[in-house]
Each structure stands twice: as structure tokens, then as C-alpha cells.
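As provided, target36.cif (mmCIF, C-alpha atoms and all ligand atoms) reads as follows.
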```
data_run
loop_
_atom_site.label_atom_id
_atom_site.label_comp_id
_atom_site.auth_asym_id
_atom_site.auth_seq_id
_atom_site.Cartn_x
_atom_site.Cartn_y
_atom_site.Cartn_z
CA MET A 24 -181.46 9.16 101.06
CA SER A 25 -184.37 8.00 98.91
CA LYS A 26 -187.94 8.73 99.97
CA ARG A 27 -189.79 5.74 101.41
CA PRO A 28 -192.41 4.55 98.88
CA PHE A 29 -196.06 4.88 99.86
CA ILE A 30 -197.86 1.55 99.44
CA ALA A 31 -201.62 1.85 99.86
CA ASP A 32 -203.15 -0.24 102.63
CA HIS A 33 -206.65 1.22 102.43
CA PRO A 34 -209.33 -1.52 102.19
CA LEU A 35 -211.11 0.25 99.31
CA VAL A 36 -207.90 0.37 97.28
CA GLN A 37 -207.08 -3.27 97.99
CA HIS A 38 -210.61 -4.39 97.07
CA LYS A 39 -210.57 -2.46 93.80
CA VAL A 40 -207.09 -3.74 92.90
CA THR A 41 -208.37 -7.31 93.33
CA LEU A 42 -211.22 -6.62 90.89
CA LEU A 43 -208.74 -5.00 88.48
CA ARG A 44 -206.48 -8.07 88.47
CA ARG A 45 -209.23 -10.58 87.64
CA LYS A 46 -208.99 -11.77 84.07
CA GLU A 47 -212.79 -11.71 83.63
CA THR A 48 -212.91 -7.94 84.31
CA SER A 49 -214.11 -6.19 81.13
CA SER A 50 -212.35 -3.17 79.58
CA LYS A 51 -215.23 -0.95 80.71
CA GLN A 52 -214.95 -2.13 84.33
CA PHE A 53 -211.14 -1.98 84.10
CA ARG A 54 -211.24 1.70 83.06
CA GLU A 55 -213.72 2.53 85.82
CA LEU A 56 -211.58 0.78 88.45
CA ILE A 57 -208.38 2.51 87.28
CA LYS A 58 -210.18 5.85 87.60
CA GLU A 59 -211.48 5.08 91.09
CA ILE A 60 -208.13 3.77 92.36
CA THR A 61 -206.39 6.85 90.96
CA GLU A 62 -208.81 9.11 92.83
CA LEU A 63 -208.02 7.33 96.09
CA MET A 64 -204.27 7.51 95.40
CA VAL A 65 -204.38 11.22 94.48
CA TYR A 66 -206.11 11.81 97.81
CA GLU A 67 -203.03 10.30 99.53
CA ALA A 68 -200.49 11.99 97.26
CA THR A 69 -201.90 15.45 97.96
CA ARG A 70 -201.76 15.15 101.75
CA ASP A 71 -198.76 17.46 101.89
CA LEU A 72 -200.29 20.32 99.86
CA PRO A 73 -199.90 23.54 101.84
CA ILE A 74 -203.09 25.27 102.97
CA CYS A 75 -203.81 28.78 104.14
CA ASP A 76 -206.67 30.70 105.79
CA VAL A 77 -209.22 32.74 103.87
CA GLU A 78 -212.09 34.76 105.22
CA ILE A 79 -215.49 33.63 103.95
CA GLU A 80 -219.13 34.27 104.70
CA THR A 81 -221.43 31.34 105.43
CA PRO A 82 -225.22 31.83 105.63
CA MET A 83 -224.66 32.12 109.41
CA THR A 84 -221.53 34.25 109.94
CA VAL A 85 -218.15 35.44 108.74
CA THR A 86 -215.39 32.92 109.47
CA THR A 87 -211.89 31.88 108.45
CA SER A 88 -211.55 28.61 106.59
CA LYS A 89 -208.80 26.67 104.78
CA VAL A 90 -207.95 26.55 101.07
CA ILE A 91 -205.03 25.05 99.15
CA ALA A 92 -202.30 27.68 99.06
CA GLY A 93 -201.96 28.19 95.34
CA ARG A 94 -199.74 25.22 94.44
CA LYS A 95 -199.87 24.46 90.74
CA LEU A 96 -199.94 20.80 89.72
CA ALA A 97 -199.31 18.96 86.47
CA PHE A 98 -200.24 15.35 85.77
CA VAL A 99 -198.04 13.61 83.22
CA PRO A 100 -199.34 10.22 82.03
CA ILE A 101 -196.93 7.85 80.27
CA LEU A 102 -198.74 6.74 77.10
CA ARG A 103 -200.64 4.67 76.58
CA ALA A 104 -201.68 3.09 79.87
CA GLY A 105 -201.12 6.23 81.97
CA LEU A 106 -203.99 7.85 80.06
CA GLY A 107 -206.36 5.62 82.03
CA MET A 108 -205.40 7.50 85.22
CA VAL A 109 -205.91 11.05 83.94
CA ASP A 110 -209.68 11.32 84.41
CA GLY A 111 -209.49 10.22 88.03
CA ALA A 112 -206.67 12.67 88.78
CA LEU A 113 -208.49 15.59 87.11
CA GLU A 114 -211.71 14.71 88.90
CA LEU A 115 -210.00 15.70 92.17
CA ILE A 116 -207.82 18.52 90.82
CA PRO A 117 -209.56 20.02 87.78
CA SER A 118 -207.19 23.00 87.63
CA ALA A 119 -204.12 20.81 87.02
CA ARG A 120 -202.42 20.91 83.61
CA VAL A 121 -201.74 17.66 81.74
CA GLY A 122 -198.50 16.84 79.89
CA HIS A 123 -197.91 13.65 77.90
CA ILE A 124 -194.91 11.37 77.47
CA GLY A 125 -195.08 8.64 74.84
CA MET A 126 -193.03 5.55 75.58
CA TYR A 127 -193.24 1.90 74.59
CA ARG A 128 -191.20 -1.08 75.78
CA ASP A 129 -189.48 -3.22 73.20
CA GLU A 130 -191.04 -6.63 73.87
CA GLU A 131 -187.71 -8.47 73.40
CA THR A 132 -185.19 -6.19 75.14
CA LEU A 133 -187.68 -4.47 77.54
CA ILE A 134 -185.86 -1.21 76.77
CA PRO A 135 -188.24 1.80 76.67
CA HIS A 136 -188.43 3.85 73.48
CA PRO A 137 -189.61 7.45 73.82
CA TYR A 138 -191.76 8.74 70.93
CA TYR A 139 -193.52 11.85 72.25
CA CYS A 140 -193.10 14.53 74.90
CA LYS A 141 -195.36 17.55 75.42
CA LEU A 142 -195.20 19.23 78.82
CA PRO A 143 -196.90 22.39 80.15
CA GLY A 144 -195.00 25.56 79.22
CA ASP A 145 -194.85 26.74 82.84
CA ILE A 146 -193.65 23.40 84.25
CA GLU A 147 -190.90 25.17 86.29
CA GLU A 148 -193.71 26.49 88.53
CA ARG A 149 -195.49 23.16 88.89
CA ASP A 150 -195.40 20.06 91.07
CA VAL A 151 -195.56 17.10 88.69
CA VAL A 152 -197.26 13.76 89.29
CA VAL A 153 -196.24 11.15 86.71
CA LEU A 154 -198.99 8.58 86.08
CA ASP A 155 -198.48 5.01 84.86
CA PRO A 156 -200.41 2.00 86.22
CA MET A 157 -197.44 -0.37 85.83
CA LEU A 158 -193.90 -0.10 87.24
CA ALA A 159 -192.23 -3.27 85.93
CA THR A 160 -188.47 -3.06 85.21
CA GLY A 161 -188.74 0.66 85.98
CA GLY A 162 -187.10 1.63 82.67
CA SER A 163 -190.08 3.63 81.37
CA ALA A 164 -190.57 5.55 84.63
CA VAL A 165 -186.86 6.37 84.96
CA ASP A 166 -186.67 7.61 81.34
CA ALA A 167 -189.87 9.64 81.65
CA ILE A 168 -188.59 11.32 84.83
CA ASP A 169 -185.20 11.98 83.15
CA GLN A 170 -187.07 13.84 80.40
CA ILE A 171 -189.22 15.80 82.86
CA LYS A 172 -186.24 16.79 85.03
CA LYS A 173 -184.59 18.48 82.03
CA ARG A 174 -187.45 21.02 82.26
CA ASN A 175 -186.87 21.77 85.99
CA PRO A 176 -190.30 21.27 87.59
CA ARG A 177 -190.69 22.26 91.23
CA SER A 178 -191.04 18.63 92.34
CA ILE A 179 -191.91 15.19 90.92
CA LYS A 180 -193.99 12.33 92.33
CA PHE A 181 -194.57 9.00 90.58
CA MET A 182 -197.91 7.23 90.93
CA CYS A 183 -198.61 3.67 89.79
CA ILE A 184 -201.13 0.98 90.63
CA ILE A 185 -198.96 -2.15 90.51
CA ALA A 186 -195.21 -2.09 91.20
CA ALA A 187 -192.64 -4.86 90.93
CA PRO A 188 -189.80 -4.84 93.48
CA GLU A 189 -187.31 -4.65 90.58
CA GLY A 190 -188.87 -1.46 89.22
CA LEU A 191 -189.27 0.15 92.61
CA LYS A 192 -185.57 -0.50 93.35
CA LEU A 193 -184.39 0.98 90.05
CA LEU A 194 -186.63 4.03 90.33
CA THR A 195 -185.64 4.85 93.91
CA GLU A 196 -181.92 4.35 93.04
CA LYS A 197 -182.03 6.58 89.94
CA HIS A 198 -184.41 9.21 91.32
CA PRO A 199 -184.15 9.17 95.13
CA ASP A 200 -185.85 12.58 95.33
CA VAL A 201 -189.06 11.28 93.70
CA GLN A 202 -191.78 10.11 96.08
CA VAL A 203 -193.39 6.92 94.75
CA TYR A 204 -197.05 5.99 95.40
CA CYS A 205 -198.34 2.53 94.51
CA ALA A 206 -201.53 0.64 95.24
CA SER A 207 -199.79 -2.75 95.41
CA LEU A 208 -196.22 -4.03 95.58
CA ASP A 209 -196.29 -7.38 93.79
CA SER A 210 -194.02 -10.43 93.95
CA HIS A 211 -191.67 -10.29 90.93
CA LEU A 212 -191.24 -9.98 87.17
CA ASN A 213 -191.52 -13.06 84.98
CA GLU A 214 -189.06 -13.97 82.21
CA ASN A 215 -190.98 -11.72 79.77
CA GLY A 216 -190.84 -8.69 82.05
CA TYR A 217 -194.47 -8.94 83.17
CA ILE A 218 -195.44 -8.34 86.78
CA VAL A 219 -196.59 -11.42 88.76
CA PRO A 220 -199.34 -11.74 89.91
CA GLY A 221 -199.96 -8.37 88.19
CA LEU A 222 -202.90 -7.78 85.89
CA GLY A 223 -201.48 -8.49 82.43
CA ASP A 224 -200.90 -5.74 79.87
CA ALA A 225 -202.51 -2.60 81.27
CA GLY A 226 -202.63 -0.73 77.94
CA ASP A 227 -204.32 -3.64 76.19
CA ARG A 228 -206.83 -4.07 79.01
CA ILE A 229 -207.73 -0.36 79.08
CA PHE A 230 -208.09 0.02 75.33
CA GLY A 231 -209.27 -3.51 74.44
CA THR A 232 -206.35 -4.09 72.06
CA LYS A 233 -204.45 -7.35 71.32
C1 LIG B 301 -196.27 -0.54 79.98
C2 LIG B 301 -196.65 0.29 81.17
C3 LIG B 301 -195.39 1.06 81.46
C4 LIG B 301 -194.32 0.07 81.07
C5 LIG B 301 -193.74 -0.52 82.32
O1 LIG B 301 -196.32 0.19 78.82
O2 LIG B 301 -197.75 1.11 80.96
O3 LIG B 301 -195.27 2.26 80.73
O4 LIG B 301 -194.95 -0.97 80.30
O5 LIG B 301 -192.67 -1.33 82.03
P1 LIG B 301 -191.20 -1.03 82.52
O6 LIG B 301 -191.30 -0.60 83.93
O7 LIG B 301 -190.52 -2.35 82.35
O8 LIG B 301 -190.61 0.03 81.64
P2 LIG B 301 -196.02 -0.44 77.38
O9 LIG B 301 -194.58 -0.26 77.02
O10 LIG B 301 -196.55 -1.84 77.32
O11 LIG B 301 -196.80 0.52 76.40
P3 LIG B 301 -198.38 0.78 76.28
O12 LIG B 301 -198.81 1.50 77.53
O13 LIG B 301 -198.46 1.63 75.07
O14 LIG B 301 -199.07 -0.55 76.11
N1 LIG B 302 -196.52 -3.49 81.42
C1 LIG B 302 -197.75 -3.98 81.64
O1 LIG B 302 -198.75 -3.47 81.10
N2 LIG B 302 -197.89 -5.06 82.45
C2 LIG B 302 -196.83 -5.63 83.05
O2 LIG B 302 -197.01 -6.59 83.80
C3 LIG B 302 -195.55 -5.10 82.81
C4 LIG B 302 -195.43 -4.02 81.99
#
```

Could you write out this structure as C-alpha cells?
Amino acid sequence: MSKRPFIADHPLVQHKVTLLRRKETSSKQFRELIKEITELMVYEATRDLPICDVEIETPMTVTTSKVIAGRKLAFVPILRAGLGMVDGALELIPSARVGHIGMYRDEETLIPHPYYCKLPGDIEERDVVVLDPMLATGGSAVDAIDQIKKRNPRSIKFMCIIAAPEGLKLLTEKHPDVQVYCASLDSHLNENGYIVPGLGDAGDRIFGTK
């Protein structure tokens, strides 16, 4: 059975996604919004991290208090647009390692082409969160996760900002063990494979290209 996708309903996330979609939003604002939304999503995606008690001393007394129980994380952005989510993720979990997967979609066929893969050497001991703002046909996410699974990480989550139903269906069919987090589930893909209403080309909007 596939894991039920998490779709954010938090007002802050919804407000920021609206700003992100607007075509007047500048690249600077776009990058800031992606970072902020990622922080809010990482907060949700780390809810299940195990915690344990430690003894500490406050200025008042000795007490037991909670810390995260030594889980090691790795964030793996899919280049290019996933890079926009890395700063927000590391802001919350600075000890995480970062791997990179390079992938671009052929604009005609929409088939993803991998061009780079560098993952942490100790990935077998890590819980991986794959980062990509856009889940459109799902081809890039499925291929990236195929590559990561060959290296046997402890677990994999996939985090995006906008998902199309088509991509969500493919990803949950091909990788039912992967928990998906998205900030918005949109209506559909258009004839060119773009998400509607979406936000356009995320990589171009982050980096000011095109
Ligand atoms: C975008 C996006 C995803 C992919 C999603 O990247 O960042 O990686 O498209 O599409 P899919 O679900 O149909 O595979 P793109 O290929 O445009 O590359 P870029 O990030 O370098 O612009
Ligand atoms: N990639 C994007 O950047 N935007 C889309 O709408 C689909 C794929």
C-alpha cells in the first residue's frame, strides 16, 4: 500500500504559495518564498523523527529534556530547481548532508535525462529527503529516486511545492514506500507538460533565465 501524500493546509504555506505563483513576483522574492515554504514543509516532514531524553542543567536546576535521537539526514535536490529548496532545509537541519542529482526534461518528449549524481558516502545510514519544487509528469522524481535507491538509504521522502495529479499518481505507483510532501496539489498538466495553474518554469524563475 502506498503512503498517503501529505498536502499542506497551513495558512502560511497557502499564502506564500499564492505569492509564488503570481507572475509579477521577482526572482529575488521567488527565491525567498521557496526558502520559507521549504522551512515550513521540513517542519512537517520531520514530525516523525525519534527523540530521546538527555539530562541537562538549566540556570535553575538539573532536568531531563528531549533531543533528536541521532538520526542522520541527507537532502538531495534535483538540479536545477531543487537547489532553491536547499537553504531552507539546511536552515532547520544544519547537520544534514547534501547530495545532488542533475536531471533535465526534454522539452518535446518530457523524458528526464540524468546528467549528474553525487550522493553522500554514508547514505546507507541516512534518511533522504529529495527536493524539487515541481512534480509534473513525475518522470524526474521517479528516476531520481531510482538512482538513490541503488545506494540503499535508510528511507526516502520526496518534497515538492507544486504537484500535478499525474505526477503524484506515477510517483506513488512506482515508489509506494516514499512519503510525498507537497504544498499544493494543482489541477492538471497542459499539452506541454506544464502544471496548471502552477507557477511556470521553476528553474527559470529561481535563476532568472529564459
Ligand atoms: C523541472 C522541475 C522538475 C521537472 C518536473 O525541471 O524542476 O525537475 O521539471 O517535471 P517532470 O515531473 O515532468 O519530470 P527541468 O527539467 O525544467 O530542469 P531545470 O530545473 O534545470 O529547469
Ligand atoms: N517544470 C516546471 O518548472 N514547471 C512545470 O510546470 C512543470 C515542470

Could you tell me how far atom CA of Arg120 of chain A sits from atom CA of Leu72 of chain A, in Å to one decimal place? 16.4 Å

Closest atom pairs, residues of segment 123-178 of chain A within 6 Å of segment 92-101 of chain A, all atoms listed in the file, as a tab-separated table:
```
residue	atom	partner	partner_atom	distance
A:His123	CA	A:Val99	CA	5.3
A:Ile124	CA	A:Ile101	CA	4.9
A:Gly125	CA	A:Ile101	CA	5.8
A:Arg149	CA	A:Lys95	CA	4.9
A:Asp150	CA	A:Leu96	CA	4.8
A:Val151	CA	A:Ala97	CA	4.7
A:Val152	CA	A:Phe98	CA	4.9
A:Val153	CA	A:Val99	CA	4.6
A:Leu154	CA	A:Pro100	CA	4.4
A:Asp155	CA	A:Ile101	CA	5.6
```

Would you output that residue set with C-alpha atoms, as a PDB file, keeping the file's coordinate frame?
```
ATOM      1  CA  HIS A 123    -197.910  13.650  77.900  1.00  0.00           C
ATOM      2  CA  ILE A 124    -194.910  11.370  77.470  1.00  0.00           C
ATOM      3  CA  GLY A 125    -195.080   8.640  74.840  1.00  0.00           C
ATOM      4  CA  ARG A 149    -195.490  23.160  88.890  1.00  0.00           C
ATOM      5  CA  ASP A 150    -195.400  20.060  91.070  1.00  0.00           C
ATOM      6  CA  VAL A 151    -195.560  17.100  88.690  1.00  0.00           C
ATOM      7  CA  VAL A 152    -197.260  13.760  89.290  1.00  0.00           C
ATOM      8  CA  VAL A 153    -196.240  11.150  86.710  1.00  0.00           C
ATOM      9  CA  LEU A 154    -198.990   8.580  86.080  1.00  0.00           C
ATOM     10  CA  ASP A 155    -198.480   5.010  84.860  1.00  0.00           C
TER      11      ASP A 155
END
```

Restricting to only C-alpha atoms and all ligand atoms, whichever of A:Val77, A:Ala119, A:Ile146, A:Cys183 is closest to ligand LIG 301 (chain B) is A:Cys183

Calculate how many Å separate atom CA of Gly223 of chain A from atom CA of Pro137 of chain A, rounding to one decimal.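 Atom-to-atom, atom CA of Gly223 of chain A and atom CA of Pro137 of chain A are spaced 21.7 Å apart.
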
For ligand LIG 301 (chain B), collect every residue having any atom at a distance of at most 10 Å from a ligand atom (counting all atoms listed in the file); output as an MDAnalysis selection string. chainID A and resid 100:107 124:130 132:137 154:167 183 185:187 189:191 193:194 212 215:218 223:230 232:233

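Taking atom CA of Lys39 of chain A and atom CA of Glu55 of chain A as the two end points, the separation is 9.9 Å.
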
The residue from A:Pro188, A:Gly122, A:Pro220, A:Pro199 with the smallest atom-to-atom distance to Ile171 of chain A, counting all atoms listed in the file, is A:Gly122

Closest to Leu42 of chain A among A:Cys140, A:Met83, A:Leu222, A:Ile116, using only C-alpha atoms?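 Nearest to Leu42 of chain A: A:Leu222.
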
I want to know what sits within 8 Å of segment 201-203 of chain A, based on all atoms listed in the file, with residues of the same chain fewer than 5 positions away left out; could you give that as number ranges by chain? A: 25-29, 178-183, 195

Non-local contacts of Leu113 of chain A (10 Å; only C-alpha atoms; under 2 positions in same chain excluded) as a list of chain:residue names: A:Lys58, A:Thr61, A:Glu62, A:Val65, A:Ala97, A:Phe98, A:Met108, A:Val109, A:Asp110, A:Gly111, A:Leu115, A:Ile116, A:Pro117, A:Ser118, A:Ala119, A:Arg120, A:Val121

Counting all atoms listed in the file, which residues sit no farther than 8 Å from the position (-199.4, -0.3, 98.7) in the file's frame? I'd like them as an MDAnalysis selection string. chainID A and resid 29:32 204:208

Reconstruct segment 200-212 of chain A at the level of N, CA, C and O atoms, and format the result as a tab-separated table (two decimals), keeping the file's coordinate frame.
```
chain	number	residue	atom	x	y	z
A	200	ASP	N	-185.06	11.42	94.90
A	200	ASP	CA	-185.85	12.58	95.33
A	200	ASP	C	-187.33	12.43	94.96
A	200	ASP	O	-188.15	13.26	95.37
A	201	VAL	N	-187.68	11.42	94.18
A	201	VAL	CA	-189.06	11.28	93.70
A	201	VAL	C	-189.85	10.38	94.65
A	201	VAL	O	-189.48	9.22	94.89
A	202	GLN	N	-190.92	10.92	95.21
A	202	GLN	CA	-191.78	10.11	96.08
A	202	GLN	C	-192.65	9.19	95.22
A	202	GLN	O	-193.32	9.66	94.29
A	203	VAL	N	-192.63	7.90	95.54
A	203	VAL	CA	-193.39	6.92	94.75
A	203	VAL	C	-194.64	6.52	95.54
A	203	VAL	O	-194.57	6.26	96.74
A	204	TYR	N	-195.78	6.46	94.83
A	204	TYR	CA	-197.05	5.99	95.40
A	204	TYR	C	-197.49	4.78	94.60
A	204	TYR	O	-197.57	4.86	93.38
A	205	CYS	N	-197.77	3.66	95.25
A	205	CYS	CA	-198.34	2.53	94.51
A	205	CYS	C	-199.44	1.88	95.32
A	205	CYS	O	-199.46	1.93	96.56
A	206	ALA	N	-200.39	1.28	94.58
A	206	ALA	CA	-201.53	0.64	95.24
A	206	ALA	C	-201.17	-0.76	95.69
A	206	ALA	O	-201.77	-1.28	96.63
A	207	SER	N	-200.21	-1.41	95.01
A	207	SER	CA	-199.79	-2.75	95.41
A	207	SER	C	-198.34	-2.99	95.00
A	207	SER	O	-197.94	-2.65	93.89
A	208	LEU	N	-197.58	-3.59	95.91
A	208	LEU	CA	-196.22	-4.03	95.58
A	208	LEU	C	-196.29	-5.54	95.38
A	208	LEU	O	-196.55	-6.29	96.33
A	209	ASP	N	-196.09	-5.97	94.13
A	209	ASP	CA	-196.29	-7.38	93.79
A	209	ASP	C	-195.02	-8.21	94.02
A	209	ASP	O	-194.02	-7.71	94.53
A	210	SER	N	-195.08	-9.49	93.61
A	210	SER	CA	-194.02	-10.43	93.95
A	210	SER	C	-192.75	-10.26	93.12
A	210	SER	O	-191.66	-10.07	93.65
A	211	HIS	N	-192.88	-10.30	91.78
A	211	HIS	CA	-191.67	-10.29	90.93
A	211	HIS	C	-192.05	-10.10	89.47
A	211	HIS	O	-193.24	-10.12	89.12
A	212	LEU	N	-191.04	-10.00	88.63
A	212	LEU	CA	-191.24	-9.98	87.17
A	212	LEU	C	-191.03	-11.39	86.63
A	212	LEU	O	-190.14	-12.10	87.11
```
